[in-house]
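K.L.:
I'm passing along upload.cif; it holds mmCIF, C-alpha atoms and all ligand atoms.
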data_my_file
#
loop_
_atom_site.label_atom_id
_atom_site.label_comp_id
_atom_site.auth_asym_id
_atom_site.auth_seq_id
_atom_site.Cartn_x
_atom_site.Cartn_y
_atom_site.Cartn_z
CA MET Z 1 134.16 -125.72 -42.22
CA ASP Z 2 131.14 -124.17 -43.94
CA LEU Z 3 132.25 -120.57 -44.68
CA PRO Z 4 130.40 -117.95 -46.76
CA LYS Z 5 132.14 -118.13 -50.14
CA GLY Z 6 133.92 -114.87 -50.97
CA LEU Z 7 132.42 -113.17 -47.87
CA ALA Z 8 128.97 -113.39 -49.50
CA GLY Z 9 126.40 -111.91 -47.15
CA VAL Z 10 128.98 -111.05 -44.47
CA VAL Z 11 128.49 -107.53 -43.09
CA ILE Z 12 131.93 -106.19 -42.22
CA ALA Z 13 131.38 -102.54 -41.27
CA ASP Z 14 128.92 -99.68 -40.86
CA THR Z 15 128.69 -97.15 -43.68
CA ALA Z 16 126.62 -94.03 -44.31
CA ILE Z 17 127.77 -93.66 -47.92
CA SER Z 18 125.63 -96.04 -49.97
CA SER Z 19 123.33 -99.02 -49.76
CA THR Z 20 121.97 -101.76 -52.02
CA LYS Z 21 119.09 -102.69 -49.69
CA ASN Z 22 115.95 -104.01 -51.42
CA ASP Z 23 117.76 -104.23 -54.77
CA MET Z 24 117.96 -100.43 -54.95
CA LEU Z 25 121.20 -98.47 -55.05
CA THR Z 26 121.00 -95.52 -52.66
CA TYR Z 27 123.63 -92.81 -52.20
CA ALA Z 28 123.51 -91.32 -48.68
CA GLY Z 29 119.75 -91.74 -48.55
CA TYR Z 30 118.92 -90.78 -52.15
CA PRO Z 31 117.85 -93.68 -54.41
CA ILE Z 32 119.50 -93.48 -57.84
CA THR Z 33 115.98 -93.25 -59.29
CA GLU Z 34 115.53 -89.93 -57.45
CA LEU Z 35 118.93 -88.58 -58.49
CA ILE Z 36 118.40 -89.57 -62.14
CA ALA Z 37 114.85 -88.17 -62.22
CA ASN Z 38 116.15 -84.82 -60.96
CA ASN Z 39 119.13 -84.66 -63.34
CA VAL Z 40 121.49 -84.25 -60.40
CA PRO Z 41 124.95 -83.30 -61.74
CA TYR Z 42 127.76 -85.80 -61.21
CA GLU Z 43 129.69 -83.16 -59.21
CA ALA Z 44 126.74 -82.92 -56.79
CA VAL Z 45 126.77 -86.72 -56.46
CA VAL Z 46 130.50 -86.64 -55.66
CA PHE Z 47 129.79 -83.97 -53.03
CA LEU Z 48 126.92 -86.10 -51.69
CA LEU Z 49 129.14 -89.17 -51.33
CA TRP Z 50 131.87 -87.17 -49.61
CA HIS Z 51 129.64 -85.16 -47.26
CA GLN Z 52 126.44 -87.28 -47.09
CA ARG Z 53 124.37 -84.27 -48.13
CA LEU Z 54 123.66 -82.54 -51.42
CA PRO Z 55 125.47 -79.24 -51.99
CA THR Z 56 123.75 -75.87 -52.07
CA ASN Z 57 123.87 -74.08 -55.44
CA ALA Z 58 126.81 -71.97 -54.23
CA GLU Z 59 128.68 -75.04 -52.96
CA LEU Z 60 128.11 -76.83 -56.26
CA LYS Z 61 129.40 -73.83 -58.21
CA ASN Z 62 132.51 -73.65 -56.01
CA PHE Z 63 133.10 -77.39 -56.17
CA ARG Z 64 132.77 -77.40 -59.97
CA ALA Z 65 135.29 -74.54 -60.17
CA ALA Z 66 137.66 -76.36 -57.78
CA LEU Z 67 137.47 -79.51 -59.92
CA PHE Z 68 138.12 -77.50 -63.07
CA ALA Z 69 141.12 -75.82 -61.44
CA GLU Z 70 142.64 -79.27 -60.86
CA MET Z 71 142.06 -80.48 -64.45
CA GLY Z 72 145.70 -80.32 -65.42
CA LEU Z 73 148.82 -82.38 -64.93
CA ALA Z 74 152.23 -81.05 -63.89
CA PRO Z 75 154.84 -81.04 -66.74
CA ASP Z 76 157.08 -83.59 -64.95
CA PHE Z 77 154.15 -85.90 -64.41
CA LEU Z 78 153.07 -85.49 -68.03
CA ASP Z 79 156.57 -86.39 -69.23
CA THR Z 80 156.46 -89.59 -67.22
CA LEU Z 81 152.96 -90.35 -68.48
CA LYS Z 82 154.23 -89.95 -72.05
CA LYS Z 83 156.95 -92.51 -71.36
CA ILE Z 84 154.57 -94.90 -69.62
CA SER Z 85 152.02 -94.61 -72.46
CA LYS Z 86 154.59 -95.89 -74.95
CA ILE Z 87 154.72 -99.19 -73.10
CA GLN Z 88 152.26 -101.56 -74.71
CA ARG Z 89 150.36 -102.49 -71.59
CA HIS Z 90 146.67 -102.49 -70.78
CA PRO Z 91 145.47 -98.95 -69.93
CA MET Z 92 144.36 -100.19 -66.50
CA SER Z 93 148.00 -101.09 -65.83
CA LEU Z 94 149.05 -97.64 -67.07
CA LEU Z 95 146.41 -96.02 -64.85
CA ARG Z 96 147.52 -98.08 -61.85
CA THR Z 97 151.15 -97.04 -62.37
CA SER Z 98 150.18 -93.41 -63.01
CA VAL Z 99 148.09 -93.08 -59.86
CA SER Z 100 150.84 -94.68 -57.82
CA PHE Z 101 153.37 -92.31 -59.39
CA LEU Z 102 151.09 -89.30 -58.81
CA GLY Z 103 151.09 -90.26 -55.13
CA SER Z 104 154.85 -90.05 -54.98
CA THR Z 105 154.93 -86.59 -56.60
CA GLU Z 106 151.95 -84.87 -54.96
CA SER Z 107 152.73 -83.00 -51.77
CA LYS Z 108 149.13 -82.78 -50.57
CA ALA Z 109 148.56 -86.52 -50.87
CA GLU Z 110 146.62 -86.89 -47.65
CA SER Z 111 143.86 -84.39 -48.20
CA ASN Z 112 143.12 -83.24 -51.73
CA ALA Z 113 140.29 -85.48 -52.86
CA THR Z 114 139.11 -82.83 -55.34
CA ALA Z 115 142.48 -82.88 -57.11
CA ILE Z 116 142.52 -86.67 -57.23
CA GLN Z 117 138.99 -86.80 -58.71
CA ALA Z 118 139.92 -84.29 -61.42
CA LYS Z 119 143.30 -85.83 -62.18
CA MET Z 120 141.85 -89.31 -62.57
CA LEU Z 121 139.88 -87.97 -65.56
CA MET Z 122 142.97 -86.16 -66.89
CA ILE Z 123 145.18 -89.26 -66.64
CA VAL Z 124 142.73 -91.53 -68.50
CA ALA Z 125 142.08 -88.87 -71.14
CA MET Z 126 145.82 -88.33 -71.54
CA ILE Z 127 146.45 -92.08 -71.94
CA VAL Z 128 143.80 -92.18 -74.71
CA ARG Z 129 145.27 -89.17 -76.53
CA LEU Z 130 148.93 -90.15 -76.17
CA ARG Z 131 148.36 -93.74 -77.31
CA ALA Z 132 146.54 -92.43 -80.39
CA GLY Z 133 149.47 -90.08 -81.12
CA LYS Z 134 147.22 -87.05 -80.55
CA LYS Z 135 147.98 -83.84 -78.69
CA PRO Z 136 146.58 -83.61 -75.15
CA LEU Z 137 143.51 -81.43 -74.78
CA LYS Z 138 142.83 -78.76 -72.17
CA ALA Z 139 139.66 -78.96 -70.10
CA ARG Z 140 137.02 -76.36 -70.97
CA ARG Z 141 135.73 -74.04 -68.27
CA LYS Z 142 132.26 -73.85 -69.80
CA LEU Z 143 131.77 -77.62 -69.61
CA ASP Z 144 130.76 -79.51 -66.48
CA PHE Z 145 132.54 -82.72 -65.39
CA ALA Z 146 130.49 -84.91 -67.77
CA GLY Z 147 131.01 -82.49 -70.64
CA ASN Z 148 134.75 -82.39 -70.07
CA PHE Z 149 134.73 -86.17 -69.71
CA VAL Z 150 133.34 -86.55 -73.27
CA TYR Z 151 135.45 -83.72 -74.66
CA LEU Z 152 138.78 -84.80 -73.18
CA LEU Z 153 138.30 -88.45 -74.15
CA THR Z 154 137.01 -87.90 -77.68
CA GLY Z 155 137.89 -84.35 -78.72
CA LYS Z 156 134.27 -83.46 -79.45
CA VAL Z 157 132.12 -81.16 -77.37
CA PRO Z 158 128.98 -83.16 -76.57
CA SER Z 159 125.49 -81.97 -77.44
CA ALA Z 160 123.36 -81.03 -74.43
CA ALA Z 161 121.56 -84.39 -74.71
CA GLU Z 162 124.80 -86.37 -74.84
CA ASN Z 163 126.23 -84.34 -71.97
CA ASP Z 164 123.14 -85.16 -69.93
CA LEU Z 165 123.34 -88.86 -70.84
CA PHE Z 166 127.00 -89.13 -69.76
CA ASN Z 167 126.24 -87.23 -66.57
CA LYS Z 168 123.81 -90.04 -65.74
CA VAL Z 169 126.28 -92.76 -66.75
CA LEU Z 170 128.88 -91.24 -64.40
CA LEU Z 171 126.25 -90.91 -61.66
CA LEU Z 172 125.29 -94.59 -61.93
CA HIS Z 173 128.92 -95.73 -61.58
CA ALA Z 174 129.88 -93.36 -58.73
CA ASP Z 175 129.57 -95.79 -55.83
CA HIS Z 176 128.31 -99.24 -54.91
CA GLU Z 177 128.82 -99.94 -51.19
CA PHE Z 178 131.33 -102.74 -50.41
CA ASN Z 179 132.11 -104.00 -53.91
CA ALA Z 180 135.50 -105.70 -54.44
CA SER Z 181 137.52 -102.59 -55.33
CA THR Z 182 135.96 -100.44 -52.60
CA PHE Z 183 136.54 -103.17 -50.05
CA THR Z 184 140.16 -103.38 -51.22
CA ALA Z 185 140.52 -99.61 -50.81
CA ARG Z 186 139.02 -99.84 -47.32
CA VAL Z 187 141.41 -102.61 -46.30
CA ALA Z 188 144.36 -100.43 -47.37
CA ALA Z 189 142.78 -97.38 -45.67
CA SER Z 190 142.34 -99.37 -42.45
CA THR Z 191 146.14 -99.66 -42.20
CA ASN Z 192 146.26 -95.84 -42.41
CA ALA Z 193 147.98 -95.94 -45.81
CA ASP Z 194 147.80 -92.71 -47.86
CA GLU Z 195 144.96 -92.06 -50.35
CA TYR Z 196 147.04 -92.85 -53.43
CA SER Z 197 148.07 -96.23 -52.05
CA CYS Z 198 144.43 -97.03 -51.30
CA LEU Z 199 143.38 -95.91 -54.80
CA THR Z 200 146.12 -97.92 -56.46
CA ALA Z 201 144.90 -101.00 -54.59
CA ALA Z 202 141.32 -100.25 -55.68
CA ILE Z 203 142.37 -99.93 -59.33
CA CYS Z 204 144.09 -103.33 -59.12
CA ALA Z 205 140.87 -104.92 -57.91
CA LEU Z 206 138.67 -103.10 -60.44
CA LYS Z 207 140.85 -104.37 -63.31
CA GLY Z 208 139.75 -108.00 -62.97
CA PRO Z 209 137.07 -109.29 -65.38
CA LEU Z 210 134.84 -110.54 -62.55
CA HIS Z 211 134.55 -106.90 -61.42
CA GLY Z 212 135.08 -103.70 -63.47
CA GLY Z 213 137.07 -105.44 -66.18
CA ALA Z 214 133.83 -107.08 -67.31
CA ASN Z 215 132.74 -104.09 -69.42
CA GLU Z 216 135.64 -104.56 -71.85
CA GLN Z 217 134.97 -108.31 -71.93
CA VAL Z 218 131.32 -107.65 -72.84
CA TYR Z 219 132.44 -105.82 -75.96
CA LEU Z 220 134.84 -108.66 -76.83
CA LEU Z 221 132.01 -111.15 -76.31
CA LEU Z 222 129.65 -109.28 -78.66
CA ASP Z 223 132.42 -108.82 -81.19
CA GLY Z 224 133.29 -112.51 -80.89
CA ILE Z 225 129.69 -113.52 -81.62
CA ARG Z 226 129.57 -111.14 -84.61
CA SER Z 227 132.69 -112.58 -86.18
CA SER Z 228 132.08 -116.24 -85.28
CA GLY Z 229 129.43 -116.96 -87.88
CA GLN Z 230 127.53 -118.79 -85.10
CA THR Z 231 124.10 -118.00 -83.74
CA VAL Z 232 123.85 -116.42 -80.30
CA ALA Z 233 122.59 -119.74 -78.92
CA GLU Z 234 125.42 -121.77 -80.48
CA TYR Z 235 128.08 -119.34 -79.27
CA LEU Z 236 126.77 -119.04 -75.72
CA ASP Z 237 125.96 -122.76 -75.39
CA SER Z 238 129.53 -123.74 -76.24
CA ARG Z 239 130.86 -121.39 -73.58
CA LEU Z 240 128.33 -122.34 -70.94
CA ALA Z 241 129.03 -126.02 -71.60
CA ASN Z 242 132.68 -125.21 -70.77
CA HIS Z 243 131.51 -123.62 -67.48
CA GLU Z 244 132.71 -120.21 -68.69
CA LYS Z 245 131.16 -117.08 -67.21
CA ILE Z 246 129.34 -114.87 -69.70
CA MET Z 247 130.59 -111.38 -69.01
CA GLY Z 248 128.12 -108.69 -68.01
CA PHE Z 249 125.68 -111.16 -66.39
CA GLY Z 250 125.00 -112.03 -62.78
CA HIS Z 251 125.75 -110.10 -59.64
CA ARG Z 252 126.72 -110.92 -56.06
CA ILE Z 253 124.00 -108.65 -54.61
CA TYR Z 254 121.33 -108.22 -57.29
CA LYS Z 255 119.74 -111.57 -57.99
CA HIS Z 256 116.61 -109.97 -59.54
CA GLY Z 257 118.35 -107.46 -61.78
CA ASP Z 258 120.81 -104.59 -61.41
CA PRO Z 259 118.92 -101.27 -61.08
CA ARG Z 260 121.75 -99.50 -62.93
CA ALA Z 261 121.36 -101.79 -65.94
CA PHE Z 262 117.70 -100.73 -66.18
CA TYR Z 263 118.82 -97.18 -67.03
CA LEU Z 264 121.93 -98.12 -68.98
CA HIS Z 265 119.83 -100.30 -71.28
CA ASP Z 266 117.86 -97.24 -72.38
CA TYR Z 267 120.96 -95.03 -72.69
CA ALA Z 268 122.69 -97.72 -74.77
CA LYS Z 269 119.70 -97.78 -77.11
CA ILE Z 270 119.75 -93.98 -77.48
CA MET Z 271 123.49 -94.01 -78.21
CA ALA Z 272 123.17 -96.96 -80.62
CA GLN Z 273 120.38 -95.19 -82.54
CA HIS Z 274 122.40 -92.00 -82.76
CA TYR Z 275 125.70 -93.64 -83.76
CA ASP Z 276 124.23 -96.22 -86.15
CA GLN Z 277 125.06 -99.16 -83.88
CA MET Z 278 121.62 -100.75 -83.65
CA ALA Z 279 122.95 -104.06 -85.00
CA LEU Z 280 125.27 -104.25 -81.96
CA PHE Z 281 122.47 -103.22 -79.59
CA ASN Z 282 120.08 -105.80 -81.06
CA LEU Z 283 122.77 -108.46 -80.72
CA ALA Z 284 123.14 -107.50 -77.05
CA GLU Z 285 119.37 -107.81 -76.63
CA ALA Z 286 119.48 -111.31 -78.13
CA VAL Z 287 122.31 -112.29 -75.75
CA ALA Z 288 120.37 -110.90 -72.76
CA ALA Z 289 117.22 -112.79 -73.80
CA TYR Z 290 119.16 -116.04 -74.20
CA MET Z 291 120.93 -115.68 -70.84
CA TRP Z 292 117.59 -115.14 -69.13
CA GLN Z 293 116.00 -118.08 -70.95
CA THR Z 294 118.83 -120.53 -70.20
CA LYS Z 295 120.37 -119.33 -66.90
CA GLN Z 296 117.83 -116.86 -65.45
CA LEU Z 297 120.68 -114.35 -65.26
CA LYS Z 298 120.16 -110.64 -65.92
CA PRO Z 299 122.62 -108.05 -67.24
CA ASN Z 300 124.65 -106.11 -64.71
CA VAL Z 301 126.02 -102.55 -64.87
CA ASP Z 302 128.82 -103.55 -67.25
CA PHE Z 303 126.67 -105.06 -70.00
CA TYR Z 304 125.05 -101.98 -71.50
CA ALA Z 305 127.89 -99.68 -70.41
CA ALA Z 306 130.05 -101.51 -72.98
CA ILE Z 307 127.70 -100.43 -75.79
CA ILE Z 308 127.56 -96.85 -74.54
CA TYR Z 309 131.37 -96.56 -74.42
CA HIS Z 310 131.71 -98.22 -77.82
CA CYS Z 311 129.32 -95.65 -79.29
CA LEU Z 312 131.33 -92.90 -77.58
CA GLY Z 313 134.16 -93.99 -79.85
CA VAL Z 314 136.83 -94.89 -77.29
CA PRO Z 315 138.95 -98.06 -77.66
CA HIS Z 316 137.47 -101.03 -75.79
CA ASP Z 317 140.46 -101.28 -73.43
CA ILE Z 318 139.54 -97.81 -72.12
CA PHE Z 319 136.11 -98.97 -70.87
CA THR Z 320 137.39 -100.05 -67.44
CA PRO Z 321 139.55 -96.93 -66.91
CA ILE Z 322 136.37 -94.93 -67.64
CA PHE Z 323 134.65 -96.87 -64.88
CA ALA Z 324 137.56 -95.95 -62.58
CA ILE Z 325 137.04 -92.22 -63.24
CA SER Z 326 133.48 -92.24 -61.91
CA ARG Z 327 134.14 -94.78 -59.13
CA THR Z 328 136.95 -92.61 -57.75
CA ALA Z 329 134.20 -90.58 -56.06
CA GLY Z 330 133.02 -93.61 -54.09
CA TRP Z 331 136.51 -94.91 -53.39
CA LEU Z 332 137.56 -91.58 -51.87
CA ALA Z 333 134.40 -91.43 -49.73
CA HIS Z 334 135.00 -94.94 -48.40
CA ILE Z 335 138.71 -94.32 -47.79
CA ARG Z 336 137.79 -91.26 -45.71
CA GLU Z 337 135.06 -93.13 -43.79
CA GLN Z 338 137.35 -96.09 -43.07
CA LYS Z 339 140.19 -93.86 -41.89
CA ALA Z 340 137.80 -92.00 -39.57
CA ALA Z 341 136.60 -95.31 -38.12
CA SER Z 342 140.25 -95.93 -37.24
CA TYR Z 343 140.54 -99.69 -36.87
CA LEU Z 344 142.43 -102.35 -38.79
CA ILE Z 345 140.57 -104.73 -41.10
CA ARG Z 346 142.22 -108.06 -40.55
CA PRO Z 347 139.98 -111.13 -40.79
CA SER Z 348 140.89 -114.64 -39.71
CA SER Z 349 141.42 -117.73 -41.82
CA HIS Z 350 140.47 -121.35 -41.50
CA TYR Z 351 143.80 -123.17 -41.98
CA THR Z 352 143.39 -126.48 -43.78
CA GLY Z 353 147.02 -127.70 -43.59
CA VAL Z 354 148.73 -129.78 -40.91
CA TYR Z 355 150.75 -128.66 -37.86
CA ASP Z 356 154.10 -129.48 -36.24
CA LYS Z 357 156.03 -130.79 -39.25
CA LYS Z 358 159.83 -131.31 -38.83
CA VAL Z 359 162.43 -130.34 -41.49
CA PRO Z 360 163.92 -133.66 -42.76
CA SER Z 361 167.61 -133.76 -41.75
CA GLU Z 362 168.69 -135.35 -45.08
CA LEU Z 363 167.62 -132.17 -46.94
CA GLN Z 364 170.42 -130.09 -45.33
CA LEU Z 365 168.85 -126.91 -46.73
CA SER Z 366 171.03 -124.57 -44.66
CA ASP Z 367 174.16 -125.73 -46.57
CA LEU Z 368 172.67 -124.40 -49.82
CA THR Z 369 172.48 -120.73 -48.82
CA PRO Z 370 175.21 -118.55 -50.43
CA ARG Z 371 176.80 -117.86 -47.03
CA SER Z 372 175.76 -120.40 -44.52
CA PHE Z 373 176.32 -119.89 -40.82
CA LYS Z 374 177.67 -123.47 -40.63
CA GLN Z 375 180.19 -123.06 -43.52
CA GLU Z 376 181.59 -119.87 -41.97
CA GLY Z 377 182.35 -121.70 -38.80
CA GLY Z 378 179.39 -120.50 -36.78
CA ALA Z 379 181.28 -117.38 -35.64
CA ALA Z 380 179.72 -114.95 -33.20
CA LEU Z 381 178.20 -111.73 -34.58
N1 LIG Z 401 127.73 -116.61 -66.70
C1 LIG Z 401 127.44 -117.89 -66.49
N2 LIG Z 401 127.10 -118.39 -65.30
C2 LIG Z 401 127.05 -117.53 -64.27
C3 LIG Z 401 127.34 -116.18 -64.42
C4 LIG Z 401 127.69 -115.73 -65.69
N3 LIG Z 401 127.96 -114.45 -65.91
N4 LIG Z 401 127.21 -115.56 -63.23
C5 LIG Z 401 126.86 -116.50 -62.36
N5 LIG Z 401 126.77 -117.69 -62.98
C6 LIG Z 401 126.40 -118.96 -62.38
C7 LIG Z 401 127.64 -119.60 -61.74
O1 LIG Z 401 128.34 -120.40 -62.64
C8 LIG Z 401 127.03 -120.34 -60.61
O2 LIG Z 401 126.48 -121.52 -61.10
P1 LIG Z 401 126.57 -122.89 -60.24
O3 LIG Z 401 125.80 -122.59 -58.97
O4 LIG Z 401 125.93 -123.89 -61.11
O5 LIG Z 401 128.02 -123.13 -59.97
C9 LIG Z 401 125.86 -119.47 -60.16
O6 LIG Z 401 125.48 -118.72 -61.32
C10 LIG Z 401 126.23 -118.51 -59.04
O7 LIG Z 401 127.35 -117.76 -59.49
P2 LIG Z 401 128.51 -117.22 -58.55
O8 LIG Z 401 129.69 -116.90 -59.39
O9 LIG Z 401 128.70 -118.17 -57.40
O10 LIG Z 401 127.82 -115.92 -58.00
P3 LIG Z 401 128.59 -114.77 -57.32
O11 LIG Z 401 127.60 -113.99 -56.57
O12 LIG Z 401 129.75 -115.27 -56.57
O13 LIG Z 401 129.19 -114.01 -58.59
C11 LIG Z 401 129.70 -112.55 -60.29
C12 LIG Z 401 128.85 -112.78 -59.05
C13 LIG Z 401 131.18 -112.74 -59.92
C14 LIG Z 401 129.48 -111.13 -60.75
C15 LIG Z 401 129.31 -113.55 -61.39
O14 LIG Z 401 127.94 -113.40 -61.68
C16 LIG Z 401 130.16 -113.37 -62.64
O15 LIG Z 401 131.28 -113.90 -62.70
N6 LIG Z 401 129.64 -112.64 -63.65
C17 LIG Z 401 130.42 -112.38 -64.87
C18 LIG Z 401 131.44 -111.28 -64.65
C19 LIG Z 401 130.81 -109.91 -64.52
O16 LIG Z 401 129.96 -109.53 -65.32
N7 LIG Z 401 131.27 -109.17 -63.52
C20 LIG Z 401 130.81 -107.80 -63.29
C21 LIG Z 401 129.93 -107.76 -62.08
S1 LIG Z 401 129.35 -106.11 -61.78
C22 LIG Z 401 130.71 -105.30 -61.16
O17 LIG Z 401 131.54 -105.86 -60.48
C23 LIG Z 401 130.93 -103.91 -61.52
#
What would you get if you wrote out this structure as structure tokens?
P.N.:
Amino acid sequence: MDLPKGLAGVVIADTAISSTKNDMLTYAGYPITELIANNVPYEAVVFLLWHQRLPTNAELKNFRAALFAEMGLAPDFLDTLKKISKIQRHPMSLLRTSVSFLGSTESKAESNATAIQAKMLMIVAMIVRLRAGKKPLKARRKLDFAGNFVYLLTGKVPSAAENDLFNKVLLLHADHEFNASTFTARVAASTNADEYSCLTAAICALKGPLHGGANEQVYLLLDGIRSSGQTVAEYLDSRLANHEKIMGFGHRIYKHGDPRAFYLHDYAKIMAQHYDQMALFNLAEAVAAYMWQTKQLKPNVDFYAAIIYHCLGVPHDIFTPIFAISRTAGWLAHIREQKAASYLIRPSSHYTGVYDKKVPSELQLSDLTPRSFKQEGGAAL
């Protein structure tokens, strides 16, 4: 049976949250080009995704204050996070466990999207600090979400320019219609599971290197080329000959280039210039040129994001959790939309096995159970 591989091109639901039509990412009617050009704050983008309209100035002020009020973690939760952080697991696994645990401690689990959005930042920041043996930091009232994002992750208050740059990075990652993690969240939401369960499912899907996990792999790729002593062409050729995917290239939707990468390229260059990482940026440029020349593949959102996060100074295994912070906005919008639609997502399969097999009598499998019905004399209940 000729099925669309991986649901490619299959439209599975209506949505008013975002669109990738004509190779342009649009949030509730606003192309990202428009939002970037107008320096729209990340908080306003979150509001836009949740309400499908931009906030008024008063609403934005209130929403920013509400987010700030939730930028803390309860002492019991923090204690558990400290224990979890000692386990040497990937931070995405720690984040997954933490969000799931948060869901079992929060009483307002069904409704408080603002708290979840704020606490996602706090959890990732806390994982970074605790793993580095540093004291947790408190969010600063005078900083916006992007400013607190930089401050809580790195301990330094960003300059106005850096604050602005990270606002745009967060904006560009906030939503992306029915990508793998959002679809996963919507499937869970369609069963009427609570928000935390849906988010935990989304985090699991984001972790994989074919999706959000690619940004960490991009850094490892560039680092691998640097330390290999090979040229870019030699290194990539040997991997392509092995049919390996080169991380940060290609996209299910964008076959002519990812509009987010267009911006992130420039932000990566600005960060690399500022943090003396131009050698890494130039290496990335050489990789991008070679991938275009040999495979006609362009960088996706994860390629230049890896350089930006490296320049920020966070460990490379924190890159994907950072992605999760901004994408929480989109996940929560889609969870809400799916729940409101109120139907179960349950596709059908094309079974390729055979039917009507009989259990061979010589196997006598029922005799091998610890307490078989036959051995106990087949007594009535
Ligand atoms: N490196 C090498 N070859 C690639 C790459 C890549 N990164 N991406 C696609 N191709 C090739 C495939 O091997 C395939 O070739 P073939 O037709 O000769 O078999 C062809 O291009 C089509 O690729 P598919 O994987 O079928 O395309 P699909 O739309 O299913 O995949 C995907 C999109 C999964 C993103 C893919 O491009 C990929 O694996 N990229 C690397 C991982 C990555 O960067 N993921 C992040 C995506 S953005 C995000 O999720 C946030």
K.L.:
One decimal, Å: what's the distance from atom CA of Gly248 of chain Z over to atom CA of Ile36 of chain Z, could you say?
P.N.:
22.2 Å
K.L.:
How many Å separate atom CA of Ile123 of chain Z from atom CA of Asn179 of chain Z?
P.N.:
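A separation of 23.5 Å between them.
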K.L.:
Residues near segment 135-152 of chain Z, anyone? I mean within 7 Å using only C-alpha atoms, not counting same-chain ones fewer than 2 positions away, as a list in words.
P.N.:
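Once the adjacent positions are removed, what remains is Glu43, Phe68, Met71, Leu121, Ala125, Met126, Arg129, Leu130, Gly133, Thr154, Gly155, Lys156, Val157, Pro158, Asn163, Phe166 and Asn167 of chain Z.
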K.L.:
Could you save the residues just selected, with C-alpha atoms, as an mmCIF file, in the coordinates of the input?
P.N.:
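The resulting file, selection02.cif, is reproduced below:
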data_model
loop_
_atom_site.group_PDB
_atom_site.id
_atom_site.type_symbol
_atom_site.label_atom_id
_atom_site.label_comp_id
_atom_site.auth_asym_id
_atom_site.auth_seq_id
_atom_site.Cartn_x
_atom_site.Cartn_y
_atom_site.Cartn_z
ATOM 1 C CA GLU Z 43 129.690 -83.160 -59.210
ATOM 2 C CA PHE Z 68 138.120 -77.500 -63.070
ATOM 3 C CA MET Z 71 142.060 -80.480 -64.450
ATOM 4 C CA LEU Z 121 139.880 -87.970 -65.560
ATOM 5 C CA ALA Z 125 142.080 -88.870 -71.140
ATOM 6 C CA MET Z 126 145.820 -88.330 -71.540
ATOM 7 C CA ARG Z 129 145.270 -89.170 -76.530
ATOM 8 C CA LEU Z 130 148.930 -90.150 -76.170
ATOM 9 C CA GLY Z 133 149.470 -90.080 -81.120
ATOM 10 C CA THR Z 154 137.010 -87.900 -77.680
ATOM 11 C CA GLY Z 155 137.890 -84.350 -78.720
ATOM 12 C CA LYS Z 156 134.270 -83.460 -79.450
ATOM 13 C CA VAL Z 157 132.120 -81.160 -77.370
ATOM 14 C CA PRO Z 158 128.980 -83.160 -76.570
ATOM 15 C CA ASN Z 163 126.230 -84.340 -71.970
ATOM 16 C CA PHE Z 166 127.000 -89.130 -69.760
ATOM 17 C CA ASN Z 167 126.240 -87.230 -66.570
#
K.L.:
Could you name the residues that touch His350 of chain Z at 12 Å or less, counting all atoms listed in the file, but leaving out those on the same chain fewer than 5 positions away, as a ChimeraX atom specification?
P.N.:
/Z:1-4
K.L.:
Closest to Asn22 of chain Z among Z:Asn215, Z:Val301, Z:Lys255, Z:Ser159, using all atoms listed in the file?
P.N.:
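Checking each of Z:Asn215, Z:Val301, Z:Lys255, Z:Ser159 against Asn22 of chain Z, counting all atoms listed in the file, the winner is Z:Lys255.
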K.L.:
Which residue is closest to Asp14 of chain Z? Choose from Z:Glu177, Z:Asp266, Z:Asp367, Z:Asp223 and count all atoms listed in the file.
P.N.:
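Among the listed residues, the smallest separation from Asp14 of chain Z belongs to Z:Glu177.
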K.L.:
Quick one: pull the distance between atom CA of Ser181 of chain Z and atom CA of Ala69 of chain Z, Å, one decimal.
P.N.:
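Distance reported for this atom pair: 27.7 Å.
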K.L.:
Between Z:Ala115, Z:Met120, Z:Leu210, Z:Leu283, which is the closest to ligand LIG 401 (chain Z) once you count only C-alpha atoms and all ligand atoms?
P.N.:
Z:Leu210
K.L.:
Return as a PyMOL selection string the residues of protein, DNA or RNA that approach ligand LIG 401 (chain Z) to within 9 Å, with only C-alpha atoms and all ligand atoms taken into account.
P.N.:
chain Z and resi 5-6+8+173+176+179-181+206+208-215+217-218+239-240+243-255+258+291+295-303+323
K.L.:
Looking at only C-alpha atoms, which of Z:Phe262, Z:Ala233, Z:Thr328, Z:Leu365 is the one that sits closest to Thr294 of chain Z?
P.N.:
Z:Ala233
K.L.:
With distances taken over only C-alpha atoms, which of Z:Glu285, Z:Glu34, Z:Glu337, Z:Glu362 is nearest to Phe183 of chain Z?
P.N.:
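The closest residue to Phe183 of chain Z is Z:Glu337.
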K.L.:
Determine the nearest neighbour of Leu222 of chain Z from the options Z:His265, Z:Gln277, Z:Ala284, Z:Leu165, counting all atoms listed in the file.
P.N.:
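Selected residue with least distance to Leu222 of chain Z: Z:Ala284.
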